[in-house]
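Okay, structure first, notes after.
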Amino acid sequence: MNELVEKLKSEIIEQLNLADLTPADIDAAAPLFGAGLGLDSIDALELIVLMEKNHGVKVTDPKEAKNIFTSINSMAQYITDNKK
Amino acid sequence: MNLTVTSYCQINSERIVVNGAELPVPISDGGKLDLKTLYKQLNIQYPKFYKMDALCQLGFLASELIIKGNSQLKNYADDEVAMILTNKSSSLDSDLKHQKSINDLDNFFPSPAVFVYTLPNIALGEIAIRNSFKGENSFFIFESFNADFFATYVPELFESGDTKALIGGWIEAFENNFEAFLFSVEKQTGVIDMPFNAAQLKKLYNFETV
């Protein structure tokens with residue numbers, strides 16, 4: 001799980017062009033939206049694509065998205081639980 | 001109506017000029033203008049820059065240079081500053097990136113962050129958001145910089161609505177080749193004071209001494 005969390009940090013920095021950040025700067029438990037990384041709605045769509053493209057996990061129920069993308073930890077948990 | 005060119009800047013891989021003063025040109029390993037290094041060089045704090053496509057980054061940087069170099073542009077009300085930008089390649093750079101991501105049905109992962117930049121007028125939006133400009137704005141496509149178009153269109157804008165200042169020009173970005181020429185137009189004098197007309201714009205665009 002820790003390995004996955006670190007991988008997700010690097011993928012998010014690359015995919016979302018967070019050029020000023022390194023994985024060490026990101027708190028895996030911090031909110032992705034609002035205060036934490038301050039991501040926006042386009043970033044949210046990118047995260048959905050990233051989950052499917054890099055981890056083969058689809059987010060099919062929009063109601064689930066809020067919980068899945070709470071933090072990097074919650075993303076990692078969802079991938080672990082749903083990876084085939 | 002007497003209009004004045006009150007500031008201008010030019011950016012390409014050989015020269016960066018703001019109101020006649022030269023700035024160092026950051027060049028990448030490939031010998032092209034390096035927009036990200038230019039951003040750092042200008043000491044701007046705006047993380048969204050990194051999310052923009054190359055066309056928007058170029059327009060953003062040129063607008064920052066214009067506005068930094070002519071602070072009276074900040075004195076106008078939000079809806080009094082108009083923007084008219086032009087180029088040749090529209091948003092083709094991002095269009096092709098998007099197309100590449102959807103060509104293969106077995107590897108079909110279009111990027112929302114690329115897709116949002118598949119319109120050239122998004123560059124206007126980025127500058128407007130940064131500066132809270134809410135005036136008239138349009139993006140036109142021409143084969144090359146069209147001074148005659150600006151000489152005709154800009155006075156009409158000033159005469160027909162709320163426009164009291166305008167940022168206009170050319171931002172071309174395709175396959176890491178960049179060229180920007182932006183200028184501000186006002187009814188009053190500014191950092192520089194040149195009559196606004198097609199001949200003057202052509203001179204400035206061609207780096208001719210004025």
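To be explicit about the labels: the chains of the structure tokens are called A, B, and onward in the order shown, and within each one the residues are counted from 1, while ligands get numbers from 1 in the order they are shown.
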
Residue hits in chain B, query chain A, radius 12 Å, only C-alpha atoms, as a PDB file with N, CA and C atoms, in the first residue's frame:
ATOM      1  N   LYS B  36       9.060  27.778 -19.764  1.00  0.00           N
ATOM      2  CA  LYS B  36       9.042  27.550 -18.310  1.00  0.00           C
ATOM      3  C   LYS B  36      10.194  28.296 -17.625  1.00  0.00           C
ATOM      4  N   LYS B  40      10.049  31.399 -14.805  1.00  0.00           N
ATOM      5  CA  LYS B  40      10.823  31.490 -13.556  1.00  0.00           C
ATOM      6  C   LYS B  40      11.656  32.778 -13.533  1.00  0.00           C
ATOM      7  N   GLN B  45       4.480  34.138  -9.573  1.00  0.00           N
ATOM      8  CA  GLN B  45       3.944  33.059  -8.746  1.00  0.00           C
ATOM      9  C   GLN B  45       2.520  32.767  -9.202  1.00  0.00           C
ATOM     10  N   TYR B  46       2.370  31.806 -10.069  1.00  0.00           N
ATOM     11  CA  TYR B  46       1.029  31.485 -10.596  1.00  0.00           C
ATOM     12  C   TYR B  46       1.063  30.024 -11.047  1.00  0.00           C
ATOM     13  N   PRO B  47       0.921  29.069 -10.083  1.00  0.00           N
ATOM     14  CA  PRO B  47       1.106  27.645 -10.397  1.00  0.00           C
ATOM     15  C   PRO B  47       0.279  27.138 -11.586  1.00  0.00           C
ATOM     16  N   LYS B  48      -0.845  27.810 -11.862  1.00  0.00           N
ATOM     17  CA  LYS B  48      -1.677  27.348 -12.979  1.00  0.00           C
ATOM     18  C   LYS B  48      -0.928  27.442 -14.316  1.00  0.00           C
ATOM     19  N   PHE B  49       0.118  28.259 -14.349  1.00  0.00           N
ATOM     20  CA  PHE B  49       0.917  28.384 -15.572  1.00  0.00           C
ATOM     21  C   PHE B  49       1.333  27.005 -16.085  1.00  0.00           C
ATOM     22  N   TYR B  50       1.743  26.130 -15.164  1.00  0.00           N
ATOM     23  CA  TYR B  50       2.263  24.819 -15.562  1.00  0.00           C
ATOM     24  C   TYR B  50       1.192  23.928 -16.183  1.00  0.00           C
ATOM     25  N   LYS B  51      -0.061  24.243 -15.925  1.00  0.00           N
ATOM     26  CA  LYS B  51      -1.151  23.430 -16.484  1.00  0.00           C
ATOM     27  C   LYS B  51      -1.558  23.891 -17.889  1.00  0.00           C
ATOM     28  N   MET B  52      -1.121  25.098 -18.255  1.00  0.00           N
ATOM     29  CA  MET B  52      -1.536  25.652 -19.557  1.00  0.00           C
ATOM     30  C   MET B  52      -0.817  24.974 -20.709  1.00  0.00           C
ATOM     31  N   ASP B  53      -1.432  25.009 -21.885  1.00  0.00           N
ATOM     32  CA  ASP B  53      -0.716  24.544 -23.074  1.00  0.00           C
ATOM     33  C   ASP B  53       0.260  25.640 -23.534  1.00  0.00           C
ATOM     34  N   SER B 101      -4.259  11.160 -28.644  1.00  0.00           N
ATOM     35  CA  SER B 101      -4.741  10.387 -27.488  1.00  0.00           C
ATOM     36  C   SER B 101      -6.021   9.607 -27.785  1.00  0.00           C
ATOM     37  N   ASP B 106      -7.873   0.952 -28.800  1.00  0.00           N
ATOM     38  CA  ASP B 106      -7.440   0.058 -27.721  1.00  0.00           C
ATOM     39  C   ASP B 106      -6.624   0.790 -26.653  1.00  0.00           C
ATOM     40  N   ASN B 107      -6.279   2.013 -26.940  1.00  0.00           N
ATOM     41  CA  ASN B 107      -5.518   2.809 -25.971  1.00  0.00           C
ATOM     42  C   ASN B 107      -6.109   4.221 -25.962  1.00  0.00           C
ATOM     43  N   PHE B 108      -7.391   4.270 -25.602  1.00  0.00           N
ATOM     44  CA  PHE B 108      -8.213   5.469 -25.772  1.00  0.00           C
ATOM     45  C   PHE B 108      -8.307   6.225 -24.439  1.00  0.00           C
ATOM     46  N   PHE B 109      -7.367   7.145 -24.223  1.00  0.00           N
ATOM     47  CA  PHE B 109      -7.364   7.879 -22.961  1.00  0.00           C
ATOM     48  C   PHE B 109      -7.219   9.384 -23.217  1.00  0.00           C
ATOM     49  N   PRO B 110      -8.277  10.022 -23.734  1.00  0.00           N
ATOM     50  CA  PRO B 110      -8.186  11.475 -23.942  1.00  0.00           C
ATOM     51  C   PRO B 110      -7.972  12.185 -22.611  1.00  0.00           C
ATOM     52  N   SER B 111      -7.102  13.173 -22.622  1.00  0.00           N
ATOM     53  CA  SER B 111      -6.804  13.911 -21.395  1.00  0.00           C
ATOM     54  C   SER B 111      -7.693  15.148 -21.313  1.00  0.00           C
ATOM     55  N   PRO B 112      -8.510  15.243 -20.267  1.00  0.00           N
ATOM     56  CA  PRO B 112      -9.341  16.461 -20.114  1.00  0.00           C
ATOM     57  C   PRO B 112      -8.494  17.723 -20.063  1.00  0.00           C
ATOM     58  N   ALA B 113      -7.303  17.616 -19.463  1.00  0.00           N
ATOM     59  CA  ALA B 113      -6.451  18.807 -19.325  1.00  0.00           C
ATOM     60  C   ALA B 113      -5.903  19.263 -20.672  1.00  0.00           C
ATOM     61  N   VAL B 114      -5.755  18.352 -21.623  1.00  0.00           N
ATOM     62  CA  VAL B 114      -5.345  18.742 -22.986  1.00  0.00           C
ATOM     63  C   VAL B 114      -6.564  19.256 -23.752  1.00  0.00           C
ATOM     64  N   PHE B 115      -7.687  18.534 -23.599  1.00  0.00           N
ATOM     65  CA  PHE B 115      -8.895  18.881 -24.367  1.00  0.00           C
ATOM     66  C   PHE B 115      -9.357  20.321 -24.106  1.00  0.00           C
ATOM     67  N   VAL B 116      -9.244  20.782 -22.856  1.00  0.00           N
ATOM     68  CA  VAL B 116      -9.731  22.137 -22.552  1.00  0.00           C
ATOM     69  C   VAL B 116      -8.957  23.214 -23.306  1.00  0.00           C
ATOM     70  N   TYR B 117      -7.803  22.862 -23.840  1.00  0.00           N
ATOM     71  CA  TYR B 117      -7.020  23.870 -24.578  1.00  0.00           C
ATOM     72  C   TYR B 117      -7.162  23.749 -26.100  1.00  0.00           C
TER      73      TYR B 117
END

Out of segment 2-74 of chain A, which residues get alpha helix (DSSP H) from DSSP, as a VMD selection string? chain A and resid 2 to 15 41 to 55 62 to 68 72 to 74

Could you pull out the residues in segment 31-157 of chain B that DSSP calls strand (DSSP E or B) from the backbone, as a list in words? Leu33, Val81, Ala82, Met83, Ile84, Leu85, Thr86, Asn87, Asn137, Ser138, Phe139, Phe140 and Ile141 of chain B

Please indicate the distance in Å from atom CA of Asp29 of chain B to atom CA of Val17 of chain B, rounded to one decimal place.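 Going from atom CA of Asp29 of chain B over to atom CA of Val17 of chain B covers 22.0 Å.
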
Give me, as a PyMOL selection string, all polymer residues having an atom no more than 9 Å from segment 23-40 of chain A, counting only C-alpha atoms and skipping those fewer than 4 positions away in the same chain. chain A and resi 5-10+13+16+44+69-74

Nearby residues (only C-alpha atoms) at most 9 Å from Asn19 of chain B, same-chain spacing under 2 positions excluded, as a VMD selection string: chain B and resid 6 to 10 17 21 to 22 66 69 191 to 192

Write a file of the selected residues as a PDB file, in the first residue's frame, keeping N, CA and C atoms.
ATOM      1  N   THR B   6       0.692  52.258 -25.997  1.00  0.00           N
ATOM      2  CA  THR B   6       1.292  52.690 -24.726  1.00  0.00           C
ATOM      3  C   THR B   6       2.322  51.705 -24.171  1.00  0.00           C
ATOM      4  N   SER B   7       2.367  50.510 -24.718  1.00  0.00           N
ATOM      5  CA  SER B   7       3.429  49.558 -24.348  1.00  0.00           C
ATOM      6  C   SER B   7       3.403  48.415 -25.361  1.00  0.00           C
ATOM      7  N   TYR B   8       4.495  47.677 -25.435  1.00  0.00           N
ATOM      8  CA  TYR B   8       4.517  46.539 -26.352  1.00  0.00           C
ATOM      9  C   TYR B   8       5.572  45.536 -25.911  1.00  0.00           C
ATOM     10  N   CYS B   9       5.428  44.314 -26.363  1.00  0.00           N
ATOM     11  CA  CYS B   9       6.505  43.345 -26.140  1.00  0.00           C
ATOM     12  C   CYS B   9       6.557  42.352 -27.292  1.00  0.00           C
ATOM     13  N   GLN B  10       7.730  41.853 -27.532  1.00  0.00           N
ATOM     14  CA  GLN B  10       7.946  40.830 -28.553  1.00  0.00           C
ATOM     15  C   GLN B  10       8.709  39.676 -27.919  1.00  0.00           C
ATOM     16  N   VAL B  17      11.779  41.599 -26.220  1.00  0.00           N
ATOM     17  CA  VAL B  17      11.875  43.054 -26.118  1.00  0.00           C
ATOM     18  C   VAL B  17      10.605  43.582 -25.444  1.00  0.00           C
ATOM     19  N   ALA B  21      13.276  47.606 -24.472  1.00  0.00           N
ATOM     20  CA  ALA B  21      14.389  47.056 -23.675  1.00  0.00           C
ATOM     21  C   ALA B  21      14.496  45.549 -23.887  1.00  0.00           C
ATOM     22  N   GLU B  22      15.715  45.084 -24.076  1.00  0.00           N
ATOM     23  CA  GLU B  22      15.940  43.651 -24.327  1.00  0.00           C
ATOM     24  C   GLU B  22      16.015  42.882 -23.008  1.00  0.00           C
ATOM     25  N   ILE B  66       3.656  42.889 -20.687  1.00  0.00           N
ATOM     26  CA  ILE B  66       2.954  44.126 -21.056  1.00  0.00           C
ATOM     27  C   ILE B  66       2.420  44.834 -19.807  1.00  0.00           C
ATOM     28  N   GLY B  69       5.027  46.131 -17.501  1.00  0.00           N
ATOM     29  CA  GLY B  69       5.695  47.271 -18.115  1.00  0.00           C
ATOM     30  C   GLY B  69       4.801  48.484 -18.279  1.00  0.00           C
ATOM     31  N   VAL B 191       3.787  54.357 -21.044  1.00  0.00           N
ATOM     32  CA  VAL B 191       5.226  54.192 -20.882  1.00  0.00           C
ATOM     33  C   VAL B 191       5.929  54.642 -22.156  1.00  0.00           C
ATOM     34  N   ILE B 192       5.347  54.231 -23.265  1.00  0.00           N
ATOM     35  CA  ILE B 192       5.805  54.763 -24.543  1.00  0.00           C
ATOM     36  C   ILE B 192       4.624  55.506 -25.157  1.00  0.00           C
TER      37      ILE B 192
END

Might you pull out every residue within 6 Å of Ser91 of chain B, with only C-alpha atoms counted and same-chain residues fewer than 5 positions away left off, and present them as a VMD selection string? chain B and resid 118 to 120

Show me, as a VMD selection string, the residues that have an atom within 8 Å of Met1 of chain A when counting only C-alpha atoms, minus same-chain residues fewer than 2 positions from it. chain A and resid 3 to 5 76 to 77 80

Please list as a compact mmCIF listing (two decimals) with C-alpha atoms, in the first residue's frame every residue within 10 Å of Val81 of chain B, counting only C-alpha atoms and excluding residues in the same chain fewer than 2 positions away.
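Saved the output as out_33.txt:
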# COMPACT_ATOMS: atom_id res chain seq x y z
CA LEU B 73 -3.50 49.18 -17.35
CA LYS B 74 -4.44 48.07 -13.83
CA ASN B 75 -6.27 51.37 -13.23
CA TYR B 76 -9.15 50.58 -15.58
CA ALA B 77 -12.41 48.97 -14.49
CA ASP B 78 -12.68 45.24 -15.23
CA ASP B 79 -14.99 45.73 -18.21
CA MET B 83 -8.35 41.92 -25.69
CA ALA B 128 -8.65 37.47 -18.32
CA ASN B 131 -6.12 40.00 -14.39
CA SER B 132 -9.91 40.03 -13.85
CA PHE B 133 -10.40 41.53 -17.31
CA LYS B 134 -14.05 41.34 -18.35
CA GLY B 135 -14.05 43.54 -21.44
CA GLU B 136 -14.66 42.56 -25.06
CA ASN B 137 -12.41 39.79 -26.32
CA ASP B 162 -17.05 50.43 -22.79
CA THR B 163 -13.51 49.80 -24.05
CA LYS B 164 -10.97 52.30 -22.69
CA ALA B 165 -7.86 50.15 -23.06
CA LEU B 166 -6.94 47.19 -25.21
CA ILE B 167 -4.32 44.48 -25.28
CA SER B 184 -1.53 47.98 -25.40
CA VAL B 185 -3.68 50.76 -26.81
CA GLU B 186 -5.19 53.59 -24.79

Selected residue, from B:Ile102, B:Met194, B:Val18, B:Leu35, that lies nearest to Cys56 of chain B when counting only C-alpha atoms: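 For Cys56 of chain B, the nearest of the candidates is B:Leu35.
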